[in-house]
file upload.cif (mmCIF, C-alpha atoms and all ligand atoms)
data_input
#
loop_
_atom_site.label_atom_id
_atom_site.label_comp_id
_atom_site.auth_asym_id
_atom_site.auth_seq_id
_atom_site.Cartn_x
_atom_site.Cartn_y
_atom_site.Cartn_z
CA MET A 1 0.00 0.00 0.00
CA LYS A 2 1.24 3.45 -0.87
CA LYS A 3 0.26 6.38 1.37
CA HIS A 4 1.12 10.04 1.55
CA ILE A 5 1.14 11.35 5.14
CA VAL A 6 1.51 14.98 6.13
CA VAL A 7 3.36 15.55 9.40
CA LEU A 8 2.52 18.69 11.38
CA ALA A 9 5.20 18.45 14.04
CA GLY A 10 4.16 21.79 15.53
CA ASP A 11 5.73 23.30 18.61
CA GLY A 12 7.54 22.36 21.80
CA ILE A 13 8.09 18.60 22.02
CA GLY A 14 6.11 18.12 18.76
CA PRO A 15 9.15 17.44 16.54
CA GLU A 16 10.69 14.86 18.94
CA ILE A 17 7.50 12.86 19.32
CA THR A 18 6.39 12.95 15.69
CA ASP A 19 9.89 11.80 14.64
CA ALA A 20 9.39 8.75 16.84
CA ALA A 21 6.02 7.96 15.30
CA VAL A 22 7.36 8.40 11.76
CA GLU A 23 10.21 6.03 12.51
CA ALA A 24 7.81 3.43 13.92
CA MET A 25 5.55 3.70 10.87
CA GLN A 26 8.53 3.43 8.55
CA LYS A 27 9.61 0.25 10.30
CA VAL A 28 6.11 -1.15 9.81
CA ALA A 29 6.18 -0.14 6.16
CA SER A 30 9.44 -1.98 5.56
CA LEU A 31 8.25 -5.10 7.41
CA TYR A 32 4.89 -5.30 5.66
CA GLY A 33 5.92 -4.05 2.25
CA HIS A 34 4.15 -0.67 2.25
CA GLU A 35 5.35 2.67 1.06
CA PHE A 36 4.63 5.58 3.39
CA GLU A 37 5.79 8.96 2.22
CA PHE A 38 6.00 11.65 4.90
CA GLU A 39 5.87 15.34 4.18
CA HIS A 40 6.42 18.00 6.85
CA CYS A 41 4.29 21.16 6.86
CA LEU A 42 4.08 24.13 9.18
CA MET A 43 1.33 24.81 11.70
CA GLY A 44 1.24 26.58 15.06
CA ALA A 45 3.81 28.90 16.62
CA CYS A 46 6.54 27.57 14.30
CA ALA A 47 4.40 28.57 11.31
CA ILE A 48 3.73 32.01 12.77
CA ARG A 49 7.44 32.62 13.23
CA GLU A 50 8.22 31.57 9.66
CA THR A 51 5.22 32.85 7.73
CA GLY A 52 3.22 35.11 10.06
CA GLU A 53 0.26 32.71 9.83
CA PRO A 54 -0.62 29.87 12.25
CA LEU A 55 -2.00 27.84 9.33
CA PRO A 56 -0.40 28.70 5.99
CA ALA A 57 -2.58 28.06 2.92
CA GLU A 58 0.09 25.68 1.64
CA THR A 59 -0.38 23.48 4.73
CA VAL A 60 -4.14 23.30 4.22
CA LYS A 61 -3.65 22.35 0.57
CA LYS A 62 -1.16 19.61 1.42
CA CYS A 63 -3.34 18.20 4.21
CA LEU A 64 -6.41 18.08 1.98
CA ALA A 65 -4.44 16.26 -0.69
CA SER A 66 -2.92 13.75 1.76
CA ASP A 67 -4.11 10.33 2.87
CA SER A 68 -3.93 11.46 6.52
CA VAL A 69 -2.20 13.85 8.86
CA LEU A 70 -0.02 13.17 11.88
CA LEU A 71 0.11 16.03 14.38
CA GLY A 72 2.52 16.59 17.25
CA ALA A 73 1.19 19.51 19.27
CA VAL A 74 0.77 23.24 18.95
CA GLY A 75 1.23 26.03 21.45
CA ALA A 76 3.99 28.29 22.70
CA LYS A 77 5.11 28.92 26.26
CA VAL A 78 2.30 30.57 28.27
CA ASP A 79 4.46 33.63 28.89
CA ASP A 80 5.78 34.03 25.32
CA PRO A 81 5.47 37.81 24.85
CA PHE A 82 5.37 37.73 21.03
CA ILE A 83 2.69 35.02 20.83
CA ASN A 84 0.68 36.68 23.59
CA SER A 85 0.63 39.93 21.63
CA LEU A 86 -1.27 38.24 18.77
CA PRO A 87 -5.06 38.44 18.32
CA GLY A 88 -7.00 35.20 18.90
CA ASN A 89 -7.32 34.33 15.22
CA LYS A 90 -3.54 34.53 14.74
CA ARG A 91 -2.54 32.44 17.76
CA PRO A 92 -0.97 28.96 17.35
CA GLU A 93 -4.21 27.29 18.53
CA ALA A 94 -6.08 28.97 15.67
CA GLY A 95 -3.95 26.82 13.36
CA LEU A 96 -5.29 23.65 14.91
CA LEU A 97 -8.89 24.85 14.90
CA GLY A 98 -8.45 25.97 11.28
CA ILE A 99 -7.15 22.63 10.03
CA ARG A 100 -9.93 20.73 11.85
CA LYS A 101 -12.49 22.95 10.13
CA ALA A 102 -10.80 22.90 6.72
CA MET A 103 -10.64 19.10 6.72
CA GLY A 104 -14.23 18.80 8.03
CA LEU A 105 -13.13 16.72 11.01
CA TYR A 106 -16.29 16.81 13.10
CA SER A 107 -15.64 13.66 15.09
CA ASN A 108 -12.85 13.62 17.65
CA VAL A 109 -12.40 10.24 19.30
CA ARG A 110 -10.42 10.22 22.56
CA PRO A 111 -10.05 6.88 24.26
CA ALA A 112 -8.99 6.88 27.91
CA ARG A 113 -8.13 3.61 29.55
CA LEU A 114 -6.08 2.47 32.49
CA PHE A 115 -3.06 0.59 31.16
CA PRO A 116 -2.42 -2.62 33.15
CA ALA A 117 1.34 -1.96 32.95
CA LEU A 118 0.80 1.40 34.62
CA ALA A 119 -1.54 0.27 37.38
CA GLY A 120 -1.04 2.62 40.31
CA ALA A 121 -0.41 5.63 38.09
CA SER A 122 -4.00 6.83 38.44
CA PRO A 123 -4.51 9.62 40.97
CA LEU A 124 -7.81 7.97 41.96
CA ARG A 125 -8.17 5.99 45.17
CA LYS A 126 -7.08 2.42 44.59
CA ASP A 127 -10.49 0.82 45.17
CA ILE A 128 -12.01 3.10 42.53
CA ALA A 129 -9.18 2.64 40.02
CA ASP A 130 -9.34 -1.12 40.55
CA ARG A 131 -12.86 -1.15 39.11
CA GLY A 132 -11.18 -0.19 35.84
CA MET A 133 -11.72 2.47 33.26
CA ASP A 134 -12.00 1.97 29.54
CA LEU A 135 -14.00 4.73 27.92
CA VAL A 136 -14.05 6.69 24.71
CA ILE A 137 -15.02 10.32 24.46
CA VAL A 138 -16.59 11.24 21.14
CA ARG A 139 -16.25 15.00 20.99
CA GLU A 140 -17.97 17.17 18.38
CA LEU A 141 -15.05 19.10 16.94
CA ILE A 142 -16.05 21.78 14.45
CA GLY A 143 -19.14 23.34 15.98
CA GLY A 144 -20.35 24.84 19.23
CA ILE A 145 -18.80 27.76 21.03
CA TYR A 146 -15.40 27.24 19.41
CA PHE A 147 -16.81 28.24 16.05
CA GLY A 148 -19.85 30.33 16.99
CA LYS A 149 -20.24 34.03 16.38
CA ARG A 150 -18.15 36.18 18.68
CA GLY A 151 -17.52 39.79 19.30
CA GLY A 152 -17.05 42.49 21.85
CA GLY A 153 -16.65 46.16 22.39
CA VAL A 154 -16.83 48.86 24.98
CA ASP A 155 -20.11 49.96 26.48
CA PRO A 156 -20.65 53.04 28.65
CA ASP A 157 -22.37 50.97 31.39
CA MET A 158 -20.56 47.64 31.17
CA GLY A 159 -17.12 48.83 30.19
CA GLU A 160 -15.17 46.44 27.97
CA TYR A 161 -16.99 43.21 27.11
CA ALA A 162 -16.64 40.13 24.86
CA TRP A 163 -18.98 37.33 23.85
CA ASP A 164 -18.93 33.87 22.23
CA THR A 165 -21.93 31.82 21.20
CA GLU A 166 -22.77 28.14 21.49
CA GLN A 167 -24.88 26.91 18.60
CA TYR A 168 -25.73 23.43 17.33
CA SER A 169 -27.92 22.22 14.51
CA VAL A 170 -29.82 18.94 14.32
CA LYS A 171 -27.57 17.96 11.42
CA GLU A 172 -24.39 18.50 13.45
CA VAL A 173 -25.68 16.60 16.47
CA THR A 174 -27.08 13.75 14.39
CA ARG A 175 -23.82 12.95 12.63
CA ILE A 176 -21.75 12.94 15.82
CA ALA A 177 -24.37 10.92 17.72
CA LYS A 178 -24.33 8.28 14.98
CA ILE A 179 -20.56 7.91 15.36
CA ALA A 180 -21.01 7.37 19.09
CA PHE A 181 -23.76 4.77 18.71
CA GLU A 182 -21.85 2.88 16.00
CA MET A 183 -18.80 2.82 18.25
CA ALA A 184 -20.80 1.61 21.24
CA ARG A 185 -22.07 -1.31 19.16
CA GLY A 186 -18.51 -2.56 18.86
CA ARG A 187 -17.91 -2.07 22.57
CA ARG A 188 -20.05 -2.39 25.72
CA LYS A 189 -23.21 -0.95 24.09
CA LYS A 190 -23.66 2.10 26.26
CA VAL A 191 -23.71 5.76 25.24
CA THR A 192 -23.66 8.56 27.80
CA SER A 193 -24.67 11.86 26.22
CA ILE A 194 -23.41 14.83 28.19
CA ASP A 195 -25.04 18.27 28.02
CA LYS A 196 -26.31 21.17 30.12
CA GLU A 197 -29.96 20.65 29.31
CA ASN A 198 -31.21 22.33 32.48
CA VAL A 199 -29.80 25.68 31.32
CA LEU A 200 -28.95 25.83 27.61
CA ASP A 201 -31.28 25.76 24.61
CA SER A 202 -28.48 24.32 22.50
CA SER A 203 -28.25 21.44 24.99
CA ARG A 204 -32.00 20.84 24.84
CA LEU A 205 -31.69 20.48 21.06
CA TRP A 206 -28.66 18.24 21.59
CA ARG A 207 -30.55 15.91 23.92
CA LYS A 208 -33.67 15.74 21.75
CA THR A 209 -31.55 14.94 18.69
CA VAL A 210 -29.47 12.26 20.40
CA HIS A 211 -32.71 10.56 21.46
CA GLU A 212 -33.94 10.63 17.86
CA VAL A 213 -30.73 8.92 16.71
CA ALA A 214 -31.00 6.40 19.56
CA LYS A 215 -34.22 5.04 18.03
CA ASP A 216 -32.10 3.41 15.35
CA TYR A 217 -29.95 1.71 18.00
CA PRO A 218 -32.34 -0.15 20.32
CA ASP A 219 -29.49 -2.49 21.28
CA VAL A 220 -27.50 0.39 22.77
CA GLU A 221 -28.32 1.88 26.18
CA LEU A 222 -28.53 5.69 26.25
CA VAL A 223 -27.92 7.66 29.44
CA ASP A 224 -28.25 11.46 29.64
CA MET A 225 -25.98 13.27 32.05
CA LEU A 226 -25.49 16.92 32.92
CA VAL A 227 -21.94 18.06 32.45
CA ASP A 228 -21.37 19.12 36.05
CA ASN A 229 -22.55 15.75 37.27
CA ALA A 230 -20.39 14.05 34.63
CA ALA A 231 -17.33 15.81 36.03
CA GLN A 232 -18.16 14.27 39.39
CA GLN A 233 -19.07 10.83 38.08
CA LEU A 234 -15.78 10.57 36.21
CA VAL A 235 -13.83 10.67 39.45
CA LYS A 236 -16.42 8.83 41.53
CA ASP A 237 -16.74 5.81 39.27
CA PRO A 238 -15.24 6.03 35.76
CA SER A 239 -16.02 2.35 35.17
CA GLN A 240 -19.68 3.33 34.51
CA PHE A 241 -18.75 4.93 31.17
CA ASP A 242 -18.35 3.21 27.82
CA VAL A 243 -18.87 5.77 25.02
CA ILE A 244 -19.39 9.42 25.94
CA VAL A 245 -20.76 11.80 23.31
CA THR A 246 -20.63 15.52 23.90
CA SER A 247 -20.14 19.00 22.50
CA ASN A 248 -16.87 20.62 21.52
CA ILE A 249 -16.27 22.56 24.75
CA PHE A 250 -17.56 19.92 27.17
CA GLY A 251 -15.51 17.31 25.33
CA ASP A 252 -12.41 19.46 25.60
CA ILE A 253 -12.75 19.74 29.36
CA LEU A 254 -13.91 16.20 30.14
CA SER A 255 -11.26 14.58 27.94
CA ASP A 256 -8.53 16.28 29.97
CA GLU A 257 -10.18 15.04 33.14
CA ALA A 258 -10.48 11.50 31.78
CA ALA A 259 -6.88 11.51 30.55
CA MET A 260 -5.62 12.65 33.92
CA ILE A 261 -7.53 9.87 35.65
CA THR A 262 -5.54 7.30 33.71
CA GLY A 263 -2.38 8.82 35.21
CA SER A 264 -0.70 8.45 31.87
CA ILE A 265 -1.57 11.36 29.64
CA GLY A 266 1.70 10.66 27.79
CA MET A 267 0.18 7.41 26.54
CA LEU A 268 -3.14 8.53 25.08
CA SER A 269 -3.82 9.39 21.47
CA SER A 270 -6.82 10.62 19.56
CA SER A 271 -8.24 10.66 16.07
CA SER A 272 -10.28 13.27 14.26
CA LEU A 273 -12.31 12.24 11.25
CA GLY A 274 -15.04 13.59 9.01
CA ASP A 275 -16.89 11.92 6.17
CA THR A 276 -13.76 10.49 4.51
CA LYS A 277 -10.87 8.28 5.61
CA CYS A 278 -8.49 11.22 5.60
CA GLY A 279 -8.08 12.06 9.27
CA LEU A 280 -5.84 13.78 11.76
CA TYR A 281 -4.10 11.80 14.47
CA GLU A 282 -2.40 13.25 17.50
CA PRO A 283 -1.39 12.63 21.10
CA ILE A 284 -3.84 13.96 23.70
CA HIS A 285 -1.17 15.90 25.55
CA GLY A 286 0.07 19.34 24.58
CA SER A 287 3.33 20.82 23.31
CA ALA A 288 5.02 20.97 26.74
CA PRO A 289 7.42 23.77 25.69
CA ASP A 290 9.09 23.67 29.12
CA ILE A 291 10.64 20.26 28.39
CA ALA A 292 11.20 20.65 24.63
CA GLY A 293 14.64 19.55 23.46
CA MET A 294 15.50 17.94 26.82
CA ASP A 295 14.96 14.41 25.49
CA ILE A 296 12.57 13.48 28.27
CA ALA A 297 9.24 13.68 26.41
CA ASN A 298 7.31 10.43 26.19
CA PRO A 299 6.78 9.54 22.50
CA ILE A 300 4.30 6.71 23.19
CA ALA A 301 1.05 8.66 22.67
CA THR A 302 2.22 9.86 19.26
CA VAL A 303 3.52 6.43 18.27
CA LEU A 304 0.10 5.02 19.19
CA ALA A 305 -1.57 7.82 17.21
CA GLY A 306 0.37 6.48 14.23
CA ALA A 307 -1.05 3.02 14.94
CA MET A 308 -4.56 4.51 15.08
CA MET A 309 -4.00 6.06 11.65
CA LEU A 310 -2.93 2.73 10.20
CA ARG A 311 -6.06 1.04 11.53
CA ASP A 312 -8.76 3.71 11.20
CA SER A 313 -7.70 5.48 8.01
CA PHE A 314 -5.84 2.79 6.09
CA GLY A 315 -7.51 -0.37 7.43
CA LEU A 316 -4.11 -1.82 8.31
CA ASN A 317 -5.12 -3.69 11.45
CA GLU A 318 -2.17 -6.11 11.63
CA GLU A 319 0.29 -3.28 11.15
CA ALA A 320 -1.39 -1.21 13.88
CA LYS A 321 -1.22 -4.19 16.20
CA ALA A 322 2.50 -4.60 15.48
CA ILE A 323 3.11 -1.09 16.85
CA GLU A 324 0.83 -1.59 19.85
CA ARG A 325 2.52 -4.91 20.68
CA ALA A 326 5.92 -3.23 20.55
CA VAL A 327 4.78 -0.55 23.02
CA ASP A 328 3.33 -3.19 25.37
CA LYS A 329 6.55 -5.20 25.17
CA VAL A 330 8.76 -2.25 26.07
CA LEU A 331 6.48 -1.35 28.99
CA ASP A 332 6.34 -4.97 30.17
CA LYS A 333 10.13 -5.01 30.26
CA GLY A 334 9.91 -2.14 32.73
CA TYR A 335 11.14 0.76 30.62
CA ARG A 336 9.56 4.11 31.51
CA THR A 337 10.00 7.73 30.51
CA ALA A 338 10.04 10.22 33.40
CA ASP A 339 6.30 11.02 33.23
CA ILE A 340 5.26 7.40 33.83
CA MET A 341 8.16 6.36 36.05
CA SER A 342 7.45 4.36 39.20
CA ALA A 343 9.46 2.43 41.78
CA GLY A 344 11.40 -0.57 40.49
CA MET A 345 11.19 0.51 36.82
CA GLN A 346 13.99 1.55 34.53
CA GLN A 347 13.91 5.21 33.55
CA VAL A 348 14.91 6.05 29.97
CA LYS A 349 15.22 9.18 27.83
CA GLY A 350 12.69 9.91 25.10
CA SER A 351 15.11 8.89 22.36
CA GLU A 352 15.85 5.63 24.17
CA MET A 353 12.15 4.86 24.45
CA ARG A 354 11.82 5.52 20.73
CA ARG A 355 14.73 3.19 19.90
CA LEU A 356 13.33 0.43 22.15
CA ILE A 357 9.88 0.65 20.55
CA VAL A 358 11.15 0.71 16.95
CA GLU A 359 13.47 -2.24 17.67
CA SER A 360 10.56 -4.19 19.15
CA ILE A 361 8.27 -3.82 16.14
CA GLU A 362 8.00 -7.23 14.56
CA LYS A 363 5.75 -8.87 12.03
CA ALA A 364 3.40 -11.31 13.74
C1 LIG B 401 -7.42 20.03 22.49
C2 LIG B 401 -6.77 21.36 22.76
C3 LIG B 401 -7.27 22.36 21.73
C4 LIG B 401 -8.77 22.48 21.92
C5 LIG B 401 -6.59 23.73 21.80
C6 LIG B 401 -5.09 23.62 21.69
C7 LIG B 401 -7.14 24.67 20.76
O1 LIG B 401 -7.01 21.76 24.07
O2 LIG B 401 -7.22 19.48 21.39
O3 LIG B 401 -8.12 19.54 23.37
O4 LIG B 401 -9.25 23.22 22.78
O5 LIG B 401 -9.49 21.80 21.18
MG MG B 402 -8.02 20.32 25.24
#

call {"tool": "encode", "arguments": {"input": "upload.cif", "output": "structure tokens"}}
result
Amino acid sequence: MKKHIVVLAGDGIGPEITDAAVEAMQKVASLYGHEFEFEHCLMGACAIRETGEPLPAETVKKCLASDSVLLGAVGAKVDDPFINSLPGNKRPEAGLLGIRKAMGLYSNVRPARLFPALAGASPLRKDIADRGMDLVIVRELIGGIYFGKRGGGVDPDMGEYAWDTEQYSVKEVTRIAKIAFEMARGRRKKVTSIDKENVLDSSRLWRKTVHEVAKDYPDVELVDMLVDNAAQQLVKDPSQFDVIVTSNIFGDILSDEAAMITGSIGMLSSSSLGDTKCGLYEPIHGSAPDIAGMDIANPIATVLAGAMMLRDSFGLNEEAKAIERAVDKVLDKGYRTADIMSAGMQQVKGSEMRRLIVESIEKA
């Protein structure tokens, strides 16, 4: 199989971790007789510094023409004076939002599970963590308050003000709900739809629409949950969740909470897809500019994002498994990067972790 993959390494640790994933995918390609061609494009703070734009038109063109996109992370240091002087639509994050929109990636899938090899890493009380957690957040990605109308000004009474709007259409909710129900069918057959129905009109439409979609999936249980309660339930008993479907902003917040509960945010990856197989795959964690270039970043989430791409966009299940097996093997042997280190394990640098994983990739 021949595939053209765009790499958006981005900022901070992005280049180190995407390099690791590219190397792992290249090893798979050579073992299984595929040809993966990787092309690097600019997005984020690095793009702003070189071109003045967080998402150059050239990058959009290349991504749209590709078979899929691998992303590291975007974002500068929180106290970067140059980046902080930019208006919102010129910030590094605008690059990420722009590429999601341009590629029509409405469905962001973020699995969060407790890895057996990292038992004890969860910040939850042991008896709660022991019940297990294996959930997937299906986050609507190109609608809601992120993309609603916004504005602001100065008013004689209020002073300076700004506003953003949350808006959803039946069409937008229907397509994301379908993804969640389809996914639940292949899992434990439960969908929890999270909204703020007691306050927001957009949430009332969300809930009504999800229930409409549910009629086509009588084999799947549907539970409605208010977002504030969901934040509690996630720490009280995360084992109750199978597939969560929610809006852009609620999904942003809850997926960070869920990732943190696993205690291994450096291990989790996510996919973003629209109506085609051309998707965007990335680690869940951010650009961590404070540790960039120190060779301590954990490349596992990005390597596993590469595996997700092989499976979900290219249908290369065996190849994806070969990468996942290699990661399991290295963890089973006790190798850990600093972020997932625990007593009795062997701490390694990021580059060492990368070498160990690539070496361990074998054809089944
Ligand atoms: C994420 C990130 C982005 C988001 C930022 C970087 C724009 O937090 O992917 O969750 O809010 O969607
Ligand atoms: Mg986020």

call {"tool": "closest_residue", "arguments": {"input": "upload.cif", "among": "A:Tyr106, A:Trp206, A:Tyr32, A:Phe250", "to": "ligand MG 402 (chain B)", "atoms": "all atoms listed in the file"}}
result
A:Phe250

call {"tool": "residues_near_ligand", "arguments": {"input": "upload.cif", "ligand": "ligand LIG 401 (chain B)", "cutoff": "10 Å", "atoms": "all atoms listed in the file", "output": "PyMOL selection string"}}
result
chain A and resi 44+73-75+91-98+100+108+110+139+141-142+146+248-256+270+272+282-287

call {"tool": "residues_around", "arguments": {"input": "upload.cif", "residues": "Ile17 in chain A", "least_positions_apart": "5", "cutoff": "12 Å", "atoms": "all atoms listed in the file", "output": "tab-separated table (two decimals) with C-alpha atoms, in the coordinates of the input"}}
result
chain	number	residue	atom	x	y	z
A	7	VAL	CA	3.36	15.55	9.40
A	8	LEU	CA	2.52	18.69	11.38
A	9	ALA	CA	5.20	18.45	14.04
A	10	GLY	CA	4.16	21.79	15.53
A	11	ASP	CA	5.73	23.30	18.61
A	12	GLY	CA	7.54	22.36	21.80
A	22	VAL	CA	7.36	8.40	11.76
A	23	GLU	CA	10.21	6.03	12.51
A	24	ALA	CA	7.81	3.43	13.92
A	70	LEU	CA	-0.02	13.17	11.88
A	71	LEU	CA	0.11	16.03	14.38
A	72	GLY	CA	2.52	16.59	17.25
A	73	ALA	CA	1.19	19.51	19.27
A	266	GLY	CA	1.70	10.66	27.79
A	267	MET	CA	0.18	7.41	26.54
A	282	GLU	CA	-2.40	13.25	17.50
A	283	PRO	CA	-1.39	12.63	21.10
A	285	HIS	CA	-1.17	15.90	25.55
A	286	GLY	CA	0.07	19.34	24.58
A	287	SER	CA	3.33	20.82	23.31
A	288	ALA	CA	5.02	20.97	26.74
A	292	ALA	CA	11.20	20.65	24.63
A	293	GLY	CA	14.64	19.55	23.46
A	295	ASP	CA	14.96	14.41	25.49
A	296	ILE	CA	12.57	13.48	28.27
A	297	ALA	CA	9.24	13.68	26.41
A	298	ASN	CA	7.31	10.43	26.19
A	299	PRO	CA	6.78	9.54	22.50
A	300	ILE	CA	4.30	6.71	23.19
A	301	ALA	CA	1.05	8.66	22.67
A	302	THR	CA	2.22	9.86	19.26
A	303	VAL	CA	3.52	6.43	18.27
A	304	LEU	CA	0.10	5.02	19.19
A	305	ALA	CA	-1.57	7.82	17.21
A	306	GLY	CA	0.37	6.48	14.23
A	350	GLY	CA	12.69	9.91	25.10
A	351	SER	CA	15.11	8.89	22.36
A	353	MET	CA	12.15	4.86	24.45
A	354	ARG	CA	11.82	5.52	20.73

call {"tool": "residues_around", "arguments": {"input": "upload.cif", "residues": "range 226-233 of chain A", "least_positions_apart": "6", "cutoff": "10 Å", "atoms": "all atoms listed in the file", "output": "list in words"}}
result
Thr192, Ser193, Ile194, Asp195, Lys196, Glu197, Asn198, Val199, Ser203, Ser239, Gln240, Phe241, Ile244, Thr246, Phe250, Gly251, Ile253, Leu254, Glu257 and Ala258 of chain A

call {"tool": "closest_residue", "arguments": {"input": "upload.cif", "among": "A:Met309, A:Ala117, A:Ala177, A:Leu273", "to": "Ser342 in chain A", "atoms": "only C-alpha atoms"}}
result
A:Ala117

call {"tool": "axis_aligned_box", "arguments": {"input": "upload.cif", "around": "range 29-46 of chain A", "padding_each_side": "3 Å", "output": "AutoDock Vina command-line options"}}
result
--center_x 5.3 --center_y 11.8 --center_z 8.8 --size_x 14.2 --size_y 40.2 --size_z 21.6

call {"tool": "residues_near_point", "arguments": {"input": "upload.cif", "point": "(7.7, 37.2, 19.6)", "cutoff": "12 Å", "atoms": "all atoms listed in the file", "output": "mmCIF file with C-alpha atoms, keeping the file's coordinate frame"}}
result
data_model
loop_
_atom_site.group_PDB
_atom_site.id
_atom_site.type_symbol
_atom_site.label_atom_id
_atom_site.label_comp_id
_atom_site.auth_asym_id
_atom_site.auth_seq_id
_atom_site.Cartn_x
_atom_site.Cartn_y
_atom_site.Cartn_z
ATOM 1 C CA ALA A 45 3.810 28.900 16.620
ATOM 2 C CA CYS A 46 6.540 27.570 14.300
ATOM 3 C CA ILE A 48 3.730 32.010 12.770
ATOM 4 C CA ARG A 49 7.440 32.620 13.230
ATOM 5 C CA GLU A 50 8.220 31.570 9.660
ATOM 6 C CA GLY A 52 3.220 35.110 10.060
ATOM 7 C CA ALA A 76 3.990 28.290 22.700
ATOM 8 C CA LYS A 77 5.110 28.920 26.260
ATOM 9 C CA ASP A 79 4.460 33.630 28.890
ATOM 10 C CA ASP A 80 5.780 34.030 25.320
ATOM 11 C CA PRO A 81 5.470 37.810 24.850
ATOM 12 C CA PHE A 82 5.370 37.730 21.030
ATOM 13 C CA ILE A 83 2.690 35.020 20.830
ATOM 14 C CA ASN A 84 0.680 36.680 23.590
ATOM 15 C CA SER A 85 0.630 39.930 21.630
ATOM 16 C CA LEU A 86 -1.270 38.240 18.770
ATOM 17 C CA ARG A 91 -2.540 32.440 17.760
#

call {"tool": "residues_around", "arguments": {"input": "upload.cif", "residues": "Ser68 in chain A", "least_positions_apart": "2", "cutoff": "6 Å", "atoms": "only C-alpha atoms", "output": "ChimeraX atom specification"}}
result
/A:5,66,278-279

call {"tool": "residues_around", "arguments": {"input": "upload.cif", "residues": "Asp67 in chain A", "least_positions_apart": "2", "cutoff": "9 Å", "atoms": "all atoms listed in the file", "output": "mmCIF file with C-alpha atoms, in the frame of the given file"}}
result
data_model
loop_
_atom_site.group_PDB
_atom_site.id
_atom_site.type_symbol
_atom_site.label_atom_id
_atom_site.label_comp_id
_atom_site.auth_asym_id
_atom_site.auth_seq_id
_atom_site.Cartn_x
_atom_site.Cartn_y
_atom_site.Cartn_z
ATOM 1 C CA LYS A 3 0.260 6.380 1.370
ATOM 2 C CA HIS A 4 1.120 10.040 1.550
ATOM 3 C CA ILE A 5 1.140 11.350 5.140
ATOM 4 C CA VAL A 6 1.510 14.980 6.130
ATOM 5 C CA CYS A 63 -3.340 18.200 4.210
ATOM 6 C CA LEU A 64 -6.410 18.080 1.980
ATOM 7 C CA ALA A 65 -4.440 16.260 -0.690
ATOM 8 C CA VAL A 69 -2.200 13.850 8.860
ATOM 9 C CA LYS A 277 -10.870 8.280 5.610
ATOM 10 C CA CYS A 278 -8.490 11.220 5.600
ATOM 11 C CA GLY A 279 -8.080 12.060 9.270
ATOM 12 C CA SER A 313 -7.700 5.480 8.010
ATOM 13 C CA PHE A 314 -5.840 2.790 6.090
#

call {"tool": "atom_distance", "arguments": {"input": "upload.cif", "atom1": "CA of Pro87 in chain A", "atom2": "CA of Gly159 in chain A"}}
result
19.9 Å

call {"tool": "closest_residue", "arguments": {"input": "upload.cif", "among": "A:Ile361, A:Val235, A:Leu268, A:Ile323", "to": "Asp127 in chain A", "atoms": "only C-alpha atoms"}}
result
A:Val235

call {"tool": "residues_near_point", "arguments": {"input": "upload.cif", "point": "(-2.7, 22.9, 6.3)", "cutoff": "8 Å", "atoms": "all atoms listed in the file", "output": "JSON, numbers by chain"}}
result
{"A": [41, 42, 43, 55, 56, 57, 58, 59, 60, 61, 62, 63, 64, 99]}

call {"tool": "write_last_selection", "arguments": {"input": "upload.cif", "atoms": "C-alpha atoms", "output": "CSV table (one decimal), keeping the file's coordinate frame"}}
result
chain,number,residue,atom,x,y,z
A,41,CYS,CA,4.3,21.2,6.9
A,42,LEU,CA,4.1,24.1,9.2
A,43,MET,CA,1.3,24.8,11.7
A,55,LEU,CA,-2.0,27.8,9.3
A,56,PRO,CA,-0.4,28.7,6.0
A,57,ALA,CA,-2.6,28.1,2.9
A,58,GLU,CA,0.1,25.7,1.6
A,59,THR,CA,-0.4,23.5,4.7
A,60,VAL,CA,-4.1,23.3,4.2
A,61,LYS,CA,-3.6,22.4,0.6
A,62,LYS,CA,-1.2,19.6,1.4
A,63,CYS,CA,-3.3,18.2,4.2
A,64,LEU,CA,-6.4,18.1,2.0
A,99,ILE,CA,-7.2,22.6,10.0

call {"tool": "closest_residue", "arguments": {"input": "upload.cif", "among": "A:Ile261, A:Met294, A:Thr18, A:Arg325", "to": "Leu234 in chain A", "atoms": "only C-alpha atoms"}}
result
A:Ile261

call {"tool": "closest_residue", "arguments": {"input": "upload.cif", "among": "A:Ala20, A:Met308, A:Tyr217, A:Met260", "to": "ligand MG 402 (chain B)", "atoms": "only C-alpha atoms and all ligand atoms"}}
result
A:Met260

call {"tool": "atom_distance", "arguments": {"input": "upload.cif", "atom1": "CA of Met225 in chain A", "atom2": "CA of Arg207 in chain A"}}
result
9.7 Å

call {"tool": "atom_distance", "arguments": {"input": "upload.cif", "atom1": "CA of Val170 in chain A", "atom2": "CA of Val223 in chain A"}}
result
19.0 Å

call {"tool": "closest_residue", "arguments": {"input": "upload.cif", "among": "A:Val154, A:Ala184, A:Leu114, A:Leu105", "to": "Glu140 in chain A", "atoms": "all atoms listed in the file"}}
result
A:Leu105

call {"tool": "residues_around", "arguments": {"input": "upload.cif", "residues": "Leu331 in chain A", "least_positions_apart": "3", "cutoff": "10 Å", "atoms": "only C-alpha atoms", "output": "short mmCIF file (atom, residue, chain, number, x, y, z; two decimals) with C-alpha atoms, keeping the file's coordinate frame"}}
result
data_model
loop_
_atom_site.label_atom_id
_atom_site.label_comp_id
_atom_site.auth_asym_id
_atom_site.auth_seq_id
_atom_site.Cartn_x
_atom_site.Cartn_y
_atom_site.Cartn_z
CA PHE A 115 -3.06 0.59 31.16
CA PRO A 116 -2.42 -2.62 33.15
CA ALA A 117 1.34 -1.96 32.95
CA LEU A 118 0.80 1.40 34.62
CA ARG A 325 2.52 -4.91 20.68
CA ALA A 326 5.92 -3.23 20.55
CA VAL A 327 4.78 -0.55 23.02
CA ASP A 328 3.33 -3.19 25.37
CA GLY A 334 9.91 -2.14 32.73
CA TYR A 335 11.14 0.76 30.62
CA ARG A 336 9.56 4.11 31.51
CA THR A 337 10.00 7.73 30.51
CA MET A 345 11.19 0.51 36.82
CA GLN A 346 13.99 1.55 34.53
CA MET A 353 12.15 4.86 24.45
CA LEU A 356 13.33 0.43 22.15
CA ILE A 357 9.88 0.65 20.55
#
